[in-house]
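Shown next: coords_10.pdb, given as PDB, C-alpha atoms and all ligand atoms.
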ATOM      1  CA  MET A  16    -145.040  36.991  72.762
ATOM      2  CA  THR A  17    -145.568  36.599  69.030
ATOM      3  CA  ASN A  18    -146.395  39.647  66.995
ATOM      4  CA  VAL A  19    -145.291  41.228  63.758
ATOM      5  CA  TYR A  20    -142.417  43.079  65.453
ATOM      6  CA  GLU A  21    -141.065  39.929  67.073
ATOM      7  CA  ALA A  22    -141.444  37.979  63.842
ATOM      8  CA  ALA A  23    -140.017  40.537  61.431
ATOM      9  CA  ALA A  24    -137.636  42.706  63.450
ATOM     10  CA  GLY A  25    -134.793  41.922  61.049
ATOM     11  CA  LEU A  26    -136.798  43.291  58.131
ATOM     12  CA  TYR A  27    -138.258  46.356  59.833
ATOM     13  CA  ASP A  28    -135.666  48.887  58.710
ATOM     14  CA  VAL A  29    -135.968  47.922  55.041
ATOM     15  CA  LEU A  30    -139.715  47.269  54.820
ATOM     16  CA  SER A  31    -141.089  50.056  56.984
ATOM     17  CA  GLY A  32    -140.898  52.808  54.369
ATOM     18  CA  GLU A  33    -138.224  54.628  56.316
ATOM     19  CA  GLY A  34    -136.442  56.487  53.524
ATOM     20  CA  LEU A  35    -139.518  57.341  51.494
ATOM     21  CA  VAL A  36    -141.954  58.271  54.244
ATOM     22  CA  TYR A  37    -141.106  57.968  57.914
ATOM     23  CA  ARG A  38    -137.574  59.312  58.359
ATOM     24  CA  ALA A  39    -138.954  62.801  57.783
ATOM     25  CA  GLY A  40    -140.997  62.584  60.982
ATOM     26  CA  ARG A  41    -138.114  61.709  63.263
ATOM     27  CA  GLN A  42    -135.874  64.272  61.576
ATOM     28  CA  ARG A  43    -138.486  66.960  62.165
ATOM     29  CA  GLY A  44    -139.372  65.803  65.672
ATOM     30  CA  VAL A  45    -136.075  65.299  67.485
ATOM     31  CA  PRO A  46    -134.884  68.939  67.133
ATOM     32  CA  LEU A  47    -138.226  70.052  68.593
ATOM     33  CA  LEU A  48    -137.173  68.465  71.906
ATOM     34  CA  GLU A  49    -134.544  71.220  72.135
ATOM     35  CA  LEU A  50    -132.140  68.852  73.864
ATOM     36  CA  ARG A  51    -128.782  70.149  75.017
ATOM     37  CA  PRO A  52    -125.453  68.383  75.570
ATOM     38  CA  GLY A  53    -125.581  66.323  78.747
ATOM     39  CA  ASP A  54    -129.377  65.928  78.676
ATOM     40  CA  THR A  55    -131.323  62.728  79.209
ATOM     41  CA  VAL A  56    -134.074  61.515  76.878
ATOM     42  CA  LEU A  57    -136.493  58.588  76.823
ATOM     43  CA  ASP A  58    -137.644  56.986  73.540
ATOM     44  CA  LEU A  59    -140.896  55.089  74.176
ATOM     45  CA  GLY A  60    -141.315  52.148  71.795
ATOM     46  CA  CYS A  61    -137.821  52.616  70.364
ATOM     47  CA  GLY A  62    -138.007  49.574  68.096
ATOM     48  CA  THR A  63    -134.798  48.890  66.165
ATOM     49  CA  GLY A  64    -133.390  52.243  67.233
ATOM     50  CA  LEU A  65    -134.027  54.379  64.165
ATOM     51  CA  ASN A  66    -134.199  57.495  66.384
ATOM     52  CA  LEU A  67    -130.991  56.759  68.221
ATOM     53  CA  ALA A  68    -128.505  58.500  65.927
ATOM     54  CA  LEU A  69    -130.482  61.745  66.152
ATOM     55  CA  LEU A  70    -130.993  61.482  69.918
ATOM     56  CA  VAL A  71    -127.377  60.510  70.657
ATOM     57  CA  ASP A  72    -126.208  63.426  68.574
ATOM     58  CA  ALA A  73    -128.559  65.804  70.419
ATOM     59  CA  VAL A  74    -127.418  64.893  73.950
ATOM     60  CA  GLY A  75    -123.747  64.377  73.116
ATOM     61  CA  PRO A  76    -121.327  61.965  74.782
ATOM     62  CA  GLY A  77    -122.183  63.260  78.262
ATOM     63  CA  GLY A  78    -125.908  62.669  77.825
ATOM     64  CA  THR A  79    -128.096  59.598  78.199
ATOM     65  CA  VAL A  80    -130.586  58.078  75.769
ATOM     66  CA  ILE A  81    -132.955  55.397  77.035
ATOM     67  CA  GLY A  82    -134.778  53.281  74.497
ATOM     68  CA  LEU A  83    -137.704  51.283  75.834
ATOM     69  CA  ASP A  84    -139.543  48.581  73.923
ATOM     70  CA  ARG A  85    -141.363  45.374  74.801
ATOM     71  CA  SER A  86    -140.070  43.363  71.852
ATOM     72  CA  PRO A  87    -136.829  41.462  72.532
ATOM     73  CA  ALA A  88    -136.282  41.005  68.787
ATOM     74  CA  MET A  89    -136.616  44.721  68.047
ATOM     75  CA  LEU A  90    -134.272  45.466  70.950
ATOM     76  CA  THR A  91    -131.740  42.995  69.577
ATOM     77  CA  MET A  92    -131.644  45.042  66.377
ATOM     78  CA  ALA A  93    -131.344  48.242  68.413
ATOM     79  CA  ARG A  94    -128.505  46.728  70.458
ATOM     80  CA  ARG A  95    -126.634  45.817  67.278
ATOM     81  CA  ARG A  96    -127.007  49.392  66.091
ATOM     82  CA  VAL A  97    -125.690  50.704  69.413
ATOM     83  CA  GLN A  98    -122.714  48.355  69.360
ATOM     84  CA  ALA A  99    -121.897  49.063  65.710
ATOM     85  CA  ASN A 100    -121.814  52.786  66.453
ATOM     86  CA  GLY A 101    -120.125  52.547  69.843
ATOM     87  CA  TRP A 102    -122.823  54.633  71.543
ATOM     88  CA  ALA A 103    -121.910  54.443  75.238
ATOM     89  CA  SER A 104    -124.688  56.908  76.087
ATOM     90  CA  VAL A 105    -127.528  54.515  75.157
ATOM     91  CA  ARG A 106    -129.386  52.212  77.551
ATOM     92  CA  LEU A 107    -132.013  49.794  76.270
ATOM     93  CA  VAL A 108    -134.854  48.681  78.521
ATOM     94  CA  GLU A 109    -137.167  45.775  77.741
ATOM     95  CA  ALA A 110    -140.546  46.696  79.160
ATOM     96  CA  ASP A 111    -144.172  47.230  78.252
ATOM     97  CA  ALA A 112    -144.652  50.967  77.808
ATOM     98  CA  THR A 113    -148.196  50.761  79.136
ATOM     99  CA  THR A 114    -147.342  49.063  82.430
ATOM    100  CA  PHE A 115    -143.673  49.698  83.260
ATOM    101  CA  ASP A 116    -142.605  51.044  86.613
ATOM    102  CA  PRO A 117    -140.999  54.474  85.998
ATOM    103  CA  ALA A 118    -138.370  53.481  88.579
ATOM    104  CA  GLN A 119    -137.111  50.959  86.005
ATOM    105  CA  VAL A 120    -136.139  53.883  83.761
ATOM    106  CA  ALA A 121    -135.049  56.156  86.603
ATOM    107  CA  ASP A 122    -132.539  53.481  87.643
ATOM    108  CA  GLU A 123    -130.813  53.847  84.266
ATOM    109  CA  LEU A 124    -130.388  57.605  84.627
ATOM    110  CA  PRO A 125    -127.332  59.393  86.005
ATOM    111  CA  ALA A 126    -127.690  60.374  89.683
ATOM    112  CA  ALA A 127    -127.541  64.087  88.792
ATOM    113  CA  SER A 128    -130.765  63.789  86.793
ATOM    114  CA  GLY A 129    -132.795  63.255  89.942
ATOM    115  CA  GLY A 130    -134.540  60.362  88.252
ATOM    116  CA  ARG A 131    -136.141  62.578  85.591
ATOM    117  CA  VAL A 132    -135.535  62.995  81.875
ATOM    118  CA  ASP A 133    -135.228  66.241  79.928
ATOM    119  CA  GLY A 134    -137.141  64.888  76.968
ATOM    120  CA  VAL A 135    -139.661  62.188  76.074
ATOM    121  CA  PHE A 136    -139.879  61.075  72.467
ATOM    122  CA  SER A 137    -142.047  58.504  70.734
ATOM    123  CA  SER A 138    -142.325  57.837  67.011
ATOM    124  CA  TYR A 139    -144.845  55.604  65.254
ATOM    125  CA  ALA A 140    -145.253  53.626  68.463
ATOM    126  CA  MET A 141    -148.076  55.047  70.585
ATOM    127  CA  SER A 142    -150.598  54.239  67.856
ATOM    128  CA  VAL A 143    -149.368  50.651  68.105
ATOM    129  CA  PHE A 144    -149.646  50.392  71.893
ATOM    130  CA  ASP A 145    -152.833  48.697  73.088
ATOM    131  CA  ASP A 146    -153.616  51.959  74.894
ATOM    132  CA  TRP A 147    -151.256  54.926  74.632
ATOM    133  CA  HIS A 148    -152.671  56.801  77.633
ATOM    134  CA  PRO A 149    -150.876  54.851  80.385
ATOM    135  CA  ALA A 150    -147.657  54.982  78.366
ATOM    136  CA  TRP A 151    -147.951  58.748  78.087
ATOM    137  CA  GLN A 152    -148.677  59.045  81.825
ATOM    138  CA  ARG A 153    -145.499  57.112  82.597
ATOM    139  CA  GLY A 154    -143.397  59.191  80.227
ATOM    140  CA  ARG A 155    -144.946  62.377  81.617
ATOM    141  CA  ALA A 156    -144.163  61.256  85.186
ATOM    142  CA  LEU A 157    -140.519  60.889  84.238
ATOM    143  CA  LEU A 158    -140.285  64.270  82.527
ATOM    144  CA  ARG A 159    -138.643  66.985  84.614
ATOM    145  CA  PRO A 160    -140.546  70.233  85.108
ATOM    146  CA  GLY A 161    -139.879  72.317  82.007
ATOM    147  CA  GLY A 162    -138.900  69.285  79.929
ATOM    148  CA  ARG A 163    -140.192  68.747  76.414
ATOM    149  CA  ALA A 164    -142.062  65.854  74.858
ATOM    150  CA  CYS A 165    -142.531  65.074  71.186
ATOM    151  CA  ILE A 166    -144.896  62.552  69.651
ATOM    152  CA  VAL A 167    -144.536  61.599  66.005
ATOM    153  CA  ASP A 168    -147.340  59.386  64.784
ATOM    154  CA  MET A 169    -149.708  58.528  61.965
ATOM    155  CA  GLN A 170    -153.222  59.157  60.737
ATOM    156  CA  LEU A 171    -154.928  58.833  57.379
ATOM    157  CA  PRO A 172    -153.584  61.307  54.824
ATOM    158  CA  VAL A 173    -155.790  64.225  53.830
ATOM    159  CA  GLY A 174    -156.415  66.279  50.690
ATOM    160  CA  ARG A 175    -155.037  64.860  47.465
ATOM    161  CA  ALA A 176    -152.904  62.451  49.486
ATOM    162  CA  ARG A 177    -156.172  60.717  50.433
ATOM    163  CA  LEU A 178    -155.556  58.576  47.355
ATOM    164  CA  LEU A 179    -152.832  56.855  49.368
ATOM    165  CA  GLY A 180    -155.374  55.936  52.042
ATOM    166  CA  PRO A 181    -155.721  52.266  51.043
ATOM    167  CA  PHE A 182    -151.949  51.751  51.215
ATOM    168  CA  VAL A 183    -151.750  53.507  54.566
ATOM    169  CA  ARG A 184    -154.621  51.391  55.912
ATOM    170  CA  MET A 185    -152.909  48.224  54.725
ATOM    171  CA  ALA A 186    -149.563  49.177  56.290
ATOM    172  CA  ALA A 187    -151.295  50.119  59.551
ATOM    173  CA  ALA A 188    -153.139  46.803  59.622
ATOM    174  CA  VAL A 189    -149.871  44.906  59.146
ATOM    175  CA  GLY A 190    -148.133  46.944  61.846
ATOM    176  CA  GLY A 191    -151.073  46.887  64.237
ATOM    177  CA  ALA A 192    -151.378  50.688  64.286
ATOM    178  CA  ASP A 193    -154.631  52.462  65.136
ATOM    179  CA  LEU A 194    -154.845  55.382  62.695
ATOM    180  CA  ASN A 195    -157.485  56.996  64.897
ATOM    181  CA  ALA A 196    -155.372  56.959  68.074
ATOM    182  CA  ARG A 197    -154.069  60.570  67.643
ATOM    183  CA  PRO A 198    -151.750  60.423  70.700
ATOM    184  CA  TRP A 199    -150.241  63.855  69.888
ATOM    185  CA  THR A 200    -153.454  65.507  71.032
ATOM    186  CA  VAL A 201    -152.325  65.171  74.648
ATOM    187  CA  ILE A 202    -149.397  67.494  73.919
ATOM    188  CA  GLU A 203    -151.650  69.949  72.071
ATOM    189  CA  ARG A 204    -154.009  69.887  75.077
ATOM    190  CA  ASP A 205    -151.609  69.988  78.017
ATOM    191  CA  GLY A 206    -148.318  71.360  76.706
ATOM    192  CA  VAL A 207    -147.095  74.916  76.352
ATOM    193  CA  ASP A 208    -144.891  76.296  73.574
ATOM    194  CA  VAL A 209    -146.523  73.676  71.370
ATOM    195  CA  HIS A 210    -145.164  73.140  67.887
ATOM    196  CA  SER A 211    -147.386  71.110  65.559
ATOM    197  CA  THR A 212    -146.558  69.981  62.028
ATOM    198  CA  ALA A 213    -148.093  67.671  59.449
ATOM    199  CA  LEU A 214    -145.953  65.874  56.875
ATOM    200  CA  ARG A 215    -146.554  63.570  53.924
ATOM    201  CA  GLY A 216    -150.035  64.778  53.084
ATOM    202  CA  GLY A 217    -151.030  64.910  56.747
ATOM    203  CA  HIS A 218    -150.201  61.229  57.256
ATOM    204  CA  ILE A 219    -147.467  62.069  59.781
ATOM    205  CA  ARG A 220    -148.126  64.409  62.685
ATOM    206  CA  VAL A 221    -145.228  65.827  64.667
ATOM    207  CA  VAL A 222    -146.232  67.605  67.858
ATOM    208  CA  ALA A 223    -143.905  68.840  70.607
ATOM    209  CA  GLY A 224    -144.453  70.883  73.719
ATOM    210  CA  THR A 225    -143.060  71.869  77.089
ATOM    211  CA  PHE A 226    -144.531  70.541  80.337
ATOM    212  CA  PRO A 227    -144.214  72.856  83.348
TER     213      PRO A 227
HETATM  214  C1  LIG B   1    -143.922  50.791  64.299
HETATM  215  S1  LIG B   1    -142.713  50.345  65.484
HETATM  216  C2  LIG B   1    -141.910  51.917  65.756
HETATM  217  C3  LIG B   1    -140.501  51.753  66.224
HETATM  218  C4  LIG B   1    -139.694  53.045  66.329
HETATM  219  N1  LIG B   1    -140.215  53.957  67.314
HETATM  220  C5  LIG B   1    -139.581  53.743  65.004
HETATM  221  O1  LIG B   1    -139.846  54.954  64.926
HETATM  222  O2  LIG B   1    -139.180  53.094  64.023
HETATM  223  C6  LIG B   1    -143.667  50.125  66.968
HETATM  224  C7  LIG B   1    -142.839  49.627  68.142
HETATM  225  O3  LIG B   1    -143.655  49.656  69.304
HETATM  226  C8  LIG B   1    -143.330  48.517  70.083
HETATM  227  N2  LIG B   1    -144.440  48.251  71.004
HETATM  228  C9  LIG B   1    -145.707  47.882  70.713
HETATM  229  N3  LIG B   1    -146.440  47.784  71.837
HETATM  230  C10 LIG B   1    -145.606  48.108  72.852
HETATM  231  C11 LIG B   1    -145.757  48.222  74.259
HETATM  232  N4  LIG B   1    -146.941  47.969  74.850
HETATM  233  N5  LIG B   1    -144.700  48.572  75.002
HETATM  234  C12 LIG B   1    -143.502  48.836  74.420
HETATM  235  N6  LIG B   1    -143.288  48.743  73.101
HETATM  236  C13 LIG B   1    -144.329  48.393  72.328
HETATM  237  C14 LIG B   1    -143.091  47.418  69.070
HETATM  238  O4  LIG B   1    -142.358  46.356  69.634
HETATM  239  C15 LIG B   1    -142.342  48.188  68.003
HETATM  240  O5  LIG B   1    -140.960  48.148  68.241
END
Give the structure from the file, written as structure tokens.
Ligand SMILES: C[S@@+](CC[C@H](N)C(=O)[O-])C[C@H]1O[C@@H](n2cnc3c(N)ncnc32)[C@H](O)[C@@H]1O
Amino acid sequence: MTNVYEAAAGLYDVLSGEGLVYRAGRQRGVPLLELRPGDTVLDLGCGTGLNLALLVDAVGPGGTVIGLDRSPAMLTMARRRVQANGWASVRLVEADATTFDPAQVADELPAASGGRVDGVFSSYAMSVFDDWHPAWQRGRALLRPGGRACIVDMQLPVGRARLLGPFVRMAAAVGGADLNARPWTVIERDGVDVHSTALRGGHIRVVAGTFP
């Protein structure tokens, strides 16, 4: 598979606008999962693992964080991050988020979890998937009753920030993101206790909810 993530995984962390723009979304989103020590959480489209520090911290040493991505090169970067930090609680799964067998993730979970996760997280990834719906269905199937999901993703900025539209469009084209995908709407539609935030002139949407 050749795509921009395979080709440029080593540059992703420095070129993706993390410090200036995108870190804010993950920092806002992860606490909305309301994870507790010992919990399990799935990061769909984990990339180089930029969410891992926050997720590992949230579930503590007794918890489990599963990062799933289809790009071996992105996962190599994530694996280096895990090794450098000595995060024993992280498992990385190479799989297509739109077609994976949930059992593949369940196998990585501790027996006490009953094959379900307490939280599903995805940042700046569902808009890149060819179709986010089957990925969401798989994540949802793995979520325990009462678990929380949070989707952080992108759309065109609004208001005065509209001026940044051309740059956002260019970055989305390079990254293969569909700015009209709006995957967070499934949480707004089906979740309860929904928390919805817009950041960076509406460019970043952070939506979390509980699924009974
Ligand atoms: C823009 S990056 C986001 C990475 C990470 N979530 C973050 O917040 O930095 C999009 C990621 O989605 C992954 N991806 C794209 N299509 C995928 C699919 N069908 N299944 C799994 N991962 C996919 C890419 O390999 C890439 O790592």
Could you give me the axis-aligned bounding box of segment 140-157 of chain A, with 6 Å of padding per side, as centre plus edge lengths in Å to one decimal, as AutoDock Vina command-line options?
--center_x -147.1 --center_y 55.5 --center_z 76.5 --size_x 25.1 --size_y 25.7 --size_z 29.3
Would you kindly return, as a ChimeraX atom specification, each protein, DNA or RNA residue with an atom no farther than 9 Å from any atom of Met92 of chain A, considering only C-alpha atoms and excluding same-chain residues fewer than 4 positions away? /A:24-25,62-64,87-88,96-97
Tell me which protein, DNA and RNA residues are within 12 Å of Ala188 of chain A, counting all atoms listed in the file, leaving out same-chain ones fewer than 5 positions away, and put them as number ranges by chain. A: 19, 142-143, 181-183, 193-194
May I ask you to write as a PDB file with C-alpha atoms, keeping the file's coordinate frame all residues lying at most 7 Å from ligand LIG 1 (chain B), with all atoms listed in the file counted?
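Final output, part_19.pdb:
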ATOM      1  CA  TYR A  20    -142.417  43.079  65.453  1.00  0.00           C
ATOM      2  CA  LEU A  59    -140.896  55.089  74.176  1.00  0.00           C
ATOM      3  CA  GLY A  60    -141.315  52.148  71.795  1.00  0.00           C
ATOM      4  CA  CYS A  61    -137.821  52.616  70.364  1.00  0.00           C
ATOM      5  CA  GLY A  62    -138.007  49.574  68.096  1.00  0.00           C
ATOM      6  CA  THR A  63    -134.798  48.890  66.165  1.00  0.00           C
ATOM      7  CA  GLY A  64    -133.390  52.243  67.233  1.00  0.00           C
ATOM      8  CA  LEU A  65    -134.027  54.379  64.165  1.00  0.00           C
ATOM      9  CA  ASN A  66    -134.199  57.495  66.384  1.00  0.00           C
ATOM     10  CA  LEU A  83    -137.704  51.283  75.834  1.00  0.00           C
ATOM     11  CA  ASP A  84    -139.543  48.581  73.923  1.00  0.00           C
ATOM     12  CA  ARG A  85    -141.363  45.374  74.801  1.00  0.00           C
ATOM     13  CA  SER A  86    -140.070  43.363  71.852  1.00  0.00           C
ATOM     14  CA  MET A  89    -136.616  44.721  68.047  1.00  0.00           C
ATOM     15  CA  ALA A 110    -140.546  46.696  79.160  1.00  0.00           C
ATOM     16  CA  ASP A 111    -144.172  47.230  78.252  1.00  0.00           C
ATOM     17  CA  ALA A 112    -144.652  50.967  77.808  1.00  0.00           C
ATOM     18  CA  THR A 113    -148.196  50.761  79.136  1.00  0.00           C
ATOM     19  CA  SER A 137    -142.047  58.504  70.734  1.00  0.00           C
ATOM     20  CA  SER A 138    -142.325  57.837  67.011  1.00  0.00           C
ATOM     21  CA  TYR A 139    -144.845  55.604  65.254  1.00  0.00           C
ATOM     22  CA  ALA A 140    -145.253  53.626  68.463  1.00  0.00           C
ATOM     23  CA  VAL A 143    -149.368  50.651  68.105  1.00  0.00           C
ATOM     24  CA  PHE A 144    -149.646  50.392  71.893  1.00  0.00           C
ATOM     25  CA  ASP A 145    -152.833  48.697  73.088  1.00  0.00           C
ATOM     26  CA  GLY A 190    -148.133  46.944  61.846  1.00  0.00           C
TER      27      GLY A 190
END
Just how far from atom CA of Arg131 of chain A is atom CA of Leu157 of chain A, in Å to one decimal? 4.9 Å
Could you name the residues that touch Ala156 of chain A at 12 Å or less, counting all atoms listed in the file, but leaving out those on the same chain fewer than 2 positions away, as a PyMOL selection string? chain A and resi 57+115-118+120-121+130-135+149-154+158-160+162+164+226-227
For atom CA of Val80 of chain A and atom CA of Ala103 of chain A, the interatomic separation in Å (one decimal): 9.4 Å
Measuring between all atoms listed in the file, which one of A:Leu107, A:Ala23, A:Ile166, A:Leu124 shows the shortest distance to Ile219 of chain A? A:Ile166
Taking all atoms listed in the file into account, name the residue in A:Arg184, A:Arg204, A:Arg197, A:Arg163 that is nearest to Gly44 of chain A. A:Arg163
